[in-house]
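Report on the structure given below.
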Amino acid sequence: MNTDYEYPIWQDTSLVCGIDEAGRGPLAGPVVAAAVVFPRWFSPDNGPLAAINDSKKLSPELREKLAPAVKEAALFWAVAAVEPDTIDRLNIFQATMLAMNNAVAALPEPPELLLVDGNRFRPLLPVPYETIVKGDSKVFSIAAASVLAKTSRDSVMKAYAGTYPRYGFERHFGYPTGEHIRAIARYGRCPIHRNSFRLKQLGEK
């Protein structure tokens, strides 16, 4: 992937920020968003970032190699997490919007335009934005943000695996796999589970 999408925007706008999230669907753990601003006219050329793509299409090993390369090449970057208790209180959509806005707010300078993965966004900051369906496979800045969000969340879930070893968080990262659902059935929910995410498989409504 290259910065072909950003190039026309850079004609009039310097600080273009890609935004993506990881962790909407899991039963446990935070939802994490990342915001990434690359220098104007940045191109990965034939360097390591030429491999950037939607993080879901990359191997875990490649994501872990790309994340530090994104941080080094970016002009600014930030990651923000919203925890399960807030997800339960707000709902997952609102919590995701909060994580995205918090990531932007954590940047050292406000961007001039946000490029947001998906078809919906609720800004809390006075910054123009554009939503792009499947943006993480179309827009370099968004794909880079997807890598930072995913690797950051995976790291959090691996750490939680040490605290709650019965659940296998280091393998499924909180997603509703068979292993995870069986662990919930056997041990109940732990403090990082999202109580508002009900499981029909367990008769929950």
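Ligands are numbered from 1 in the order shown, chains are lettered A, B, ... in the order of the structure tokens, and residues start at 1 in each chain.
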Non-local contacts of segment 49-62 of chain A (8 Å; only C-alpha atoms; under 4 positions in same chain excluded) as a VMD selection string:
chain A and resid 1 to 2 44 to 45 66 69 to 70 136 to 137 140 143 to 144 146 to 147 150
List as a ChimeraX atom specification the protein and nucleic acid residues near Phe42 of chain A, meaning an atom at most 12 Å away when only C-alpha atoms are counted, but skip any in the same chain fewer than 4 places from it.
/A:2-7,10,14-16,37-38,47,49-50,70,73-75,140-141
Could the residues in this selection be saved with N, CA and C atoms as a tab-separated table (two decimals), in the first residue's frame?
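Everything below was put into result_4.tsv:
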```tsv
chain	number	residue	atom	x	y	z
A	2	ASN	N	0.40	2.28	-0.67
A	2	ASN	CA	1.13	3.54	-0.72
A	2	ASN	C	0.22	4.67	-0.27
A	3	THR	N	0.73	5.87	-0.27
A	3	THR	CA	-0.03	7.04	0.20
A	3	THR	C	-0.76	7.73	-0.94
A	4	ASP	N	-1.22	6.97	-1.92
A	4	ASP	CA	-1.92	7.55	-3.06
A	4	ASP	C	-3.19	8.29	-2.63
A	5	TYR	N	-3.88	7.79	-1.62
A	5	TYR	CA	-5.11	8.45	-1.17
A	5	TYR	C	-4.79	9.80	-0.54
A	6	GLU	N	-3.71	9.86	0.21
A	6	GLU	CA	-3.36	11.09	0.93
A	6	GLU	C	-2.81	12.17	0.01
A	7	TYR	N	-2.17	11.79	-1.08
A	7	TYR	CA	-1.44	12.78	-1.90
A	7	TYR	C	-2.32	13.94	-2.37
A	10	TRP	N	-2.99	16.21	0.55
A	10	TRP	CA	-1.82	16.97	0.99
A	10	TRP	C	-1.58	18.23	0.16
A	14	SER	N	-1.86	19.75	5.49
A	14	SER	CA	-0.60	19.14	5.92
A	14	SER	C	-0.81	17.99	6.90
A	15	LEU	N	-1.59	18.22	7.94
A	15	LEU	CA	-1.71	17.24	9.03
A	15	LEU	C	-2.95	16.38	8.82
A	16	VAL	N	-2.75	15.27	8.13
A	16	VAL	CA	-3.83	14.33	7.82
A	16	VAL	C	-3.68	13.12	8.75
A	37	VAL	N	-0.46	10.40	12.18
A	37	VAL	CA	-0.23	11.49	11.22
A	37	VAL	C	1.17	11.30	10.64
A	38	PHE	N	1.25	11.13	9.33
A	38	PHE	CA	2.54	11.02	8.66
A	38	PHE	C	2.97	12.39	8.13
A	47	GLY	N	10.54	0.60	1.46
A	47	GLY	CA	10.93	0.30	2.83
A	47	GLY	C	9.97	-0.66	3.50
A	49	LEU	N	7.54	-0.22	5.47
A	49	LEU	CA	6.14	0.17	5.55
A	49	LEU	C	5.39	-0.05	4.24
A	50	ALA	N	6.09	-0.45	3.20
A	50	ALA	CA	5.39	-0.83	1.96
A	50	ALA	C	4.49	-2.04	2.19
A	70	VAL	N	6.05	2.09	12.03
A	70	VAL	CA	5.04	3.14	11.92
A	70	VAL	C	5.35	4.27	12.90
A	73	ALA	N	8.32	6.36	11.69
A	73	ALA	CA	8.09	7.16	10.48
A	73	ALA	C	7.06	8.25	10.68
A	74	ALA	N	6.12	8.05	11.60
A	74	ALA	CA	5.02	9.01	11.78
A	74	ALA	C	5.52	10.33	12.34
A	75	LEU	N	4.83	11.38	11.95
A	75	LEU	CA	5.07	12.69	12.55
A	75	LEU	C	4.52	12.70	13.98
A	140	PHE	N	-3.44	4.43	3.44
A	140	PHE	CA	-2.22	4.09	4.15
A	140	PHE	C	-2.26	4.52	5.62
A	141	SER	N	-2.69	5.75	5.86
A	141	SER	CA	-2.69	6.26	7.24
A	141	SER	C	-3.64	5.48	8.13
```
Grab the atom CA of Val36 of chain A to atom CA of Ala95 of chain A distance for me, in Å with one decimal place.
19.4 Å
Kindly indicate which residue among A:Ile142, A:Leu199, A:Ile92, A:Ile184 lies nearest to Gly25 of chain A, using only C-alpha atoms for the distances.
A:Ile92
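Within 12 Å of Gly168 of chain A, once only C-alpha atoms are used and residues closer than 2 positions along the same chain are dropped, the contacting residues are Ala28, Met157, Lys158, Ala159, Tyr160, Ala161, Gly162, Thr163, Tyr164, Pro165, Arg166, Glu170, Arg171, His172, Phe173, Gly174, Tyr175, Pro176, Thr177, Gly178, Glu179, His180, Ile181, Arg182, Ala183 and Ile184 of chain A.
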Those residues with N, CA, C and O atoms, as a short mmCIF file (atom, residue, chain, number, x, y, z; two decimals), in the first residue's frame please?
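As a result, again16.cif now contains:
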```cif
data_model
loop_
_atom_site.label_atom_id
_atom_site.label_comp_id
_atom_site.auth_asym_id
_atom_site.auth_seq_id
_atom_site.Cartn_x
_atom_site.Cartn_y
_atom_site.Cartn_z
N ALA A 28 -14.26 -9.53 26.04
CA ALA A 28 -13.44 -9.07 27.16
C ALA A 28 -12.39 -8.08 26.68
O ALA A 28 -12.01 -8.07 25.51
N MET A 157 -3.99 -7.66 26.09
CA MET A 157 -4.65 -8.93 26.36
C MET A 157 -3.66 -10.01 26.77
O MET A 157 -3.98 -10.88 27.59
N LYS A 158 -2.45 -9.97 26.23
CA LYS A 158 -1.42 -10.92 26.66
C LYS A 158 -1.07 -10.69 28.12
O LYS A 158 -0.83 -11.63 28.88
N ALA A 159 -1.03 -9.43 28.53
CA ALA A 159 -0.75 -9.13 29.93
C ALA A 159 -1.89 -9.63 30.82
O ALA A 159 -1.65 -10.20 31.91
N TYR A 160 -3.12 -9.44 30.37
CA TYR A 160 -4.26 -9.93 31.15
C TYR A 160 -4.25 -11.46 31.25
O TYR A 160 -4.77 -12.02 32.22
N ALA A 161 -3.67 -12.13 30.25
CA ALA A 161 -3.61 -13.59 30.30
C ALA A 161 -2.82 -14.07 31.51
O ALA A 161 -3.09 -15.14 32.07
N GLY A 162 -1.83 -13.29 31.92
CA GLY A 162 -1.08 -13.64 33.12
C GLY A 162 -1.88 -13.46 34.39
O GLY A 162 -1.70 -14.21 35.36
N THR A 163 -2.79 -12.49 34.39
CA THR A 163 -3.62 -12.23 35.56
C THR A 163 -4.79 -13.20 35.64
O THR A 163 -5.18 -13.63 36.74
N TYR A 164 -5.35 -13.55 34.48
CA TYR A 164 -6.52 -14.44 34.41
C TYR A 164 -6.19 -15.63 33.49
O TYR A 164 -6.69 -15.71 32.36
N PRO A 165 -5.33 -16.55 33.93
CA PRO A 165 -4.81 -17.59 33.04
C PRO A 165 -5.84 -18.63 32.59
O PRO A 165 -5.58 -19.36 31.64
N ARG A 166 -7.00 -18.69 33.23
CA ARG A 166 -7.98 -19.72 32.88
C ARG A 166 -8.65 -19.48 31.52
O ARG A 166 -9.25 -20.39 30.96
N GLU A 170 -4.33 -14.95 25.73
CA GLU A 170 -3.16 -14.82 24.86
C GLU A 170 -3.37 -15.50 23.51
O GLU A 170 -2.60 -15.27 22.57
N ARG A 171 -4.41 -16.30 23.40
CA ARG A 171 -4.70 -17.00 22.14
C ARG A 171 -5.85 -16.35 21.37
O ARG A 171 -5.75 -16.14 20.16
N HIS A 172 -6.93 -16.02 22.05
CA HIS A 172 -8.10 -15.48 21.33
C HIS A 172 -8.32 -13.99 21.58
O HIS A 172 -9.18 -13.38 20.94
N PHE A 173 -7.55 -13.38 22.50
CA PHE A 173 -7.58 -11.94 22.76
C PHE A 173 -8.97 -11.43 23.14
O PHE A 173 -9.29 -10.27 22.90
N GLY A 174 -9.77 -12.32 23.71
CA GLY A 174 -11.08 -11.92 24.18
C GLY A 174 -12.21 -12.15 23.20
O GLY A 174 -13.39 -11.94 23.55
N TYR A 175 -11.92 -12.56 21.99
CA TYR A 175 -12.97 -12.81 20.99
C TYR A 175 -13.77 -14.06 21.37
O TYR A 175 -13.29 -14.93 22.12
N PRO A 176 -15.00 -14.18 20.86
CA PRO A 176 -15.90 -15.26 21.28
C PRO A 176 -15.62 -16.60 20.60
O PRO A 176 -16.46 -17.14 19.88
N THR A 177 -14.44 -17.14 20.82
CA THR A 177 -14.11 -18.47 20.31
C THR A 177 -14.76 -19.53 21.17
O THR A 177 -15.22 -19.27 22.29
N GLY A 178 -14.77 -20.76 20.66
CA GLY A 178 -15.30 -21.86 21.45
C GLY A 178 -14.58 -22.02 22.77
O GLY A 178 -15.20 -22.25 23.82
N GLU A 179 -13.25 -21.93 22.72
CA GLU A 179 -12.45 -22.03 23.93
C GLU A 179 -12.86 -20.99 24.96
O GLU A 179 -13.01 -21.29 26.16
N HIS A 180 -13.05 -19.76 24.50
CA HIS A 180 -13.39 -18.67 25.40
C HIS A 180 -14.78 -18.88 26.01
O HIS A 180 -14.97 -18.71 27.22
N ILE A 181 -15.73 -19.23 25.20
CA ILE A 181 -17.10 -19.43 25.69
C ILE A 181 -17.15 -20.59 26.69
O ILE A 181 -17.83 -20.51 27.72
N ARG A 182 -16.40 -21.65 26.41
CA ARG A 182 -16.36 -22.77 27.36
C ARG A 182 -15.74 -22.35 28.69
O ARG A 182 -16.18 -22.77 29.76
N ALA A 183 -14.72 -21.49 28.63
CA ALA A 183 -14.10 -21.01 29.87
C ALA A 183 -15.07 -20.15 30.68
O ALA A 183 -15.12 -20.26 31.92
N ILE A 184 -15.85 -19.32 30.00
CA ILE A 184 -16.85 -18.50 30.70
C ILE A 184 -17.90 -19.40 31.34
O ILE A 184 -18.34 -19.19 32.48
#
```
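Of note, atom CA of Leu107 of chain A and atom CA of Arg122 of chain A are spaced 18.0 Å apart.
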Between atom CA of Leu113 of chain A and atom CA of Val139 of chain A, distance in Å (one decimal)
13.6 Å
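Shortest atom-to-atom contact with Leu98 of chain A among A:Ser43, A:Thr86, A:Ser196, A:Thr13: A:Thr86, counting only C-alpha atoms.
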Which of segment 94-161 of chain A fall in alpha helix (DSSP H), as JSON, numbers by chain:
{"A": [94, 95, 96, 97, 98, 99, 100, 101, 102, 103, 104, 105, 140, 141, 142, 143, 144, 145, 146, 147, 148, 149, 150, 151, 152, 153, 154, 155, 156, 157, 158, 159, 160, 161]}
Residue selection dump (N, CA, C and O atoms) as a short mmCIF file (atom, residue, chain, number, x, y, z; two decimals), in the first residue's frame:
```cif
data_model
loop_
_atom_site.label_atom_id
_atom_site.label_comp_id
_atom_site.auth_asym_id
_atom_site.auth_seq_id
_atom_site.Cartn_x
_atom_site.Cartn_y
_atom_site.Cartn_z
N GLN A 94 -20.56 3.80 21.17
CA GLN A 94 -20.17 5.04 21.83
C GLN A 94 -18.77 4.93 22.42
O GLN A 94 -17.99 5.90 22.39
N ALA A 95 -18.45 3.76 22.96
CA ALA A 95 -17.11 3.58 23.54
C ALA A 95 -16.04 3.64 22.45
O ALA A 95 -14.95 4.18 22.67
N THR A 96 -16.34 3.09 21.28
CA THR A 96 -15.40 3.15 20.16
C THR A 96 -15.19 4.58 19.70
O THR A 96 -14.06 5.01 19.44
N MET A 97 -16.27 5.34 19.61
CA MET A 97 -16.15 6.75 19.23
C MET A 97 -15.30 7.51 20.26
O MET A 97 -14.48 8.36 19.91
N LEU A 98 -15.50 7.19 21.54
CA LEU A 98 -14.73 7.84 22.59
C LEU A 98 -13.25 7.51 22.47
O LEU A 98 -12.39 8.40 22.58
N ALA A 99 -12.94 6.24 22.21
CA ALA A 99 -11.54 5.84 22.04
C ALA A 99 -10.90 6.57 20.87
O ALA A 99 -9.76 7.06 20.97
N MET A 100 -11.61 6.67 19.76
CA MET A 100 -11.08 7.36 18.58
C MET A 100 -10.81 8.83 18.88
O MET A 100 -9.75 9.38 18.55
N ASN A 101 -11.79 9.49 19.50
CA ASN A 101 -11.61 10.90 19.84
C ASN A 101 -10.49 11.11 20.85
O ASN A 101 -9.73 12.07 20.75
N ASN A 102 -10.39 10.20 21.81
CA ASN A 102 -9.31 10.32 22.80
C ASN A 102 -7.94 10.15 22.17
O ASN A 102 -6.97 10.80 22.58
N ALA A 103 -7.84 9.26 21.17
CA ALA A 103 -6.56 9.10 20.47
C ALA A 103 -6.17 10.38 19.75
O ALA A 103 -5.02 10.81 19.80
N VAL A 104 -7.13 11.01 19.09
CA VAL A 104 -6.85 12.28 18.41
C VAL A 104 -6.46 13.35 19.41
O VAL A 104 -5.51 14.11 19.21
N ALA A 105 -7.19 13.42 20.53
CA ALA A 105 -6.90 14.43 21.54
C ALA A 105 -5.52 14.25 22.16
O ALA A 105 -4.93 15.22 22.66
N PHE A 140 -3.44 4.43 3.44
CA PHE A 140 -2.22 4.09 4.15
C PHE A 140 -2.26 4.52 5.62
O PHE A 140 -1.93 3.75 6.52
N SER A 141 -2.69 5.75 5.86
CA SER A 141 -2.69 6.26 7.24
C SER A 141 -3.64 5.48 8.13
O SER A 141 -3.35 5.25 9.31
N ILE A 142 -4.78 5.09 7.58
CA ILE A 142 -5.73 4.29 8.36
C ILE A 142 -5.17 2.90 8.61
O ILE A 142 -5.29 2.35 9.72
N ALA A 143 -4.57 2.29 7.58
CA ALA A 143 -3.98 0.97 7.76
C ALA A 143 -2.89 0.99 8.82
O ALA A 143 -2.77 0.06 9.64
N ALA A 144 -2.08 2.05 8.83
CA ALA A 144 -1.04 2.18 9.85
C ALA A 144 -1.67 2.28 11.23
O ALA A 144 -1.18 1.67 12.20
N ALA A 145 -2.75 3.03 11.34
CA ALA A 145 -3.45 3.14 12.62
C ALA A 145 -4.01 1.79 13.04
O ALA A 145 -4.00 1.45 14.23
N SER A 146 -4.48 1.01 12.08
CA SER A 146 -5.02 -0.32 12.41
C SER A 146 -3.94 -1.22 12.99
O SER A 146 -4.20 -2.01 13.92
N VAL A 147 -2.73 -1.10 12.49
CA VAL A 147 -1.62 -1.89 13.02
C VAL A 147 -1.30 -1.49 14.45
O VAL A 147 -1.11 -2.35 15.33
N LEU A 148 -1.26 -0.18 14.73
CA LEU A 148 -0.96 0.27 16.09
C LEU A 148 -2.09 -0.12 17.06
O LEU A 148 -1.82 -0.54 18.19
N ALA A 149 -3.33 0.02 16.62
CA ALA A 149 -4.44 -0.34 17.50
C ALA A 149 -4.43 -1.83 17.82
O ALA A 149 -4.59 -2.23 18.97
N LYS A 150 -4.23 -2.65 16.80
CA LYS A 150 -4.25 -4.10 16.99
C LYS A 150 -3.09 -4.57 17.85
O LYS A 150 -3.29 -5.36 18.79
N THR A 151 -1.89 -4.12 17.57
CA THR A 151 -0.73 -4.58 18.36
C THR A 151 -0.81 -4.08 19.79
O THR A 151 -0.42 -4.78 20.73
N SER A 152 -1.30 -2.86 19.97
CA SER A 152 -1.45 -2.34 21.33
C SER A 152 -2.46 -3.16 22.11
O SER A 152 -2.21 -3.53 23.27
N ARG A 153 -3.60 -3.45 21.50
CA ARG A 153 -4.62 -4.24 22.21
C ARG A 153 -4.14 -5.66 22.49
O ARG A 153 -4.38 -6.20 23.56
N ASP A 154 -3.47 -6.26 21.51
CA ASP A 154 -2.95 -7.62 21.72
C ASP A 154 -1.99 -7.65 22.91
O ASP A 154 -2.01 -8.60 23.71
N SER A 155 -1.16 -6.63 23.03
CA SER A 155 -0.23 -6.57 24.15
C SER A 155 -0.97 -6.51 25.48
O SER A 155 -0.59 -7.17 26.46
N VAL A 156 -2.04 -5.72 25.52
CA VAL A 156 -2.84 -5.61 26.74
C VAL A 156 -3.45 -6.96 27.10
O VAL A 156 -3.43 -7.39 28.26
N MET A 157 -3.99 -7.66 26.09
CA MET A 157 -4.65 -8.93 26.36
C MET A 157 -3.66 -10.01 26.77
O MET A 157 -3.98 -10.88 27.59
N LYS A 158 -2.45 -9.97 26.23
CA LYS A 158 -1.42 -10.92 26.66
C LYS A 158 -1.07 -10.69 28.12
O LYS A 158 -0.83 -11.63 28.88
N ALA A 159 -1.03 -9.43 28.53
CA ALA A 159 -0.75 -9.13 29.93
C ALA A 159 -1.89 -9.63 30.82
O ALA A 159 -1.65 -10.20 31.91
N TYR A 160 -3.12 -9.44 30.37
CA TYR A 160 -4.26 -9.93 31.15
C TYR A 160 -4.25 -11.46 31.25
O TYR A 160 -4.77 -12.02 32.22
N ALA A 161 -3.67 -12.13 30.25
CA ALA A 161 -3.61 -13.59 30.30
C ALA A 161 -2.82 -14.07 31.51
O ALA A 161 -3.09 -15.14 32.07
#
```
Per-residue DSSP, chain A, filtered to strand (DSSP E), as number ranges by chain
A: 16-22, 31-37, 76-82, 113-117, 129-132
Could you give me, as a VMD selection string, the residues within 9 Å of Lys134 of chain A, counting only C-alpha atoms and dropping anything in the same chain fewer than 6 positions from it?
chain A and resid 54 117 to 119
Please produce a file of the residues just selected, as an mmCIF file, in the first residue's frame, where the atoms kept are C-alpha atoms.
```
data_model
loop_
_atom_site.group_PDB
_atom_site.id
_atom_site.type_symbol
_atom_site.label_atom_id
_atom_site.label_comp_id
_atom_site.auth_asym_id
_atom_site.auth_seq_id
_atom_site.Cartn_x
_atom_site.Cartn_y
_atom_site.Cartn_z
ATOM 1 C CA ASP A 54 -5.378 -3.767 6.989
ATOM 2 C CA ASP A 117 -12.243 3.778 9.020
ATOM 3 C CA GLY A 118 -15.911 2.839 8.674
ATOM 4 C CA ASN A 119 -19.130 4.603 7.771
#
```
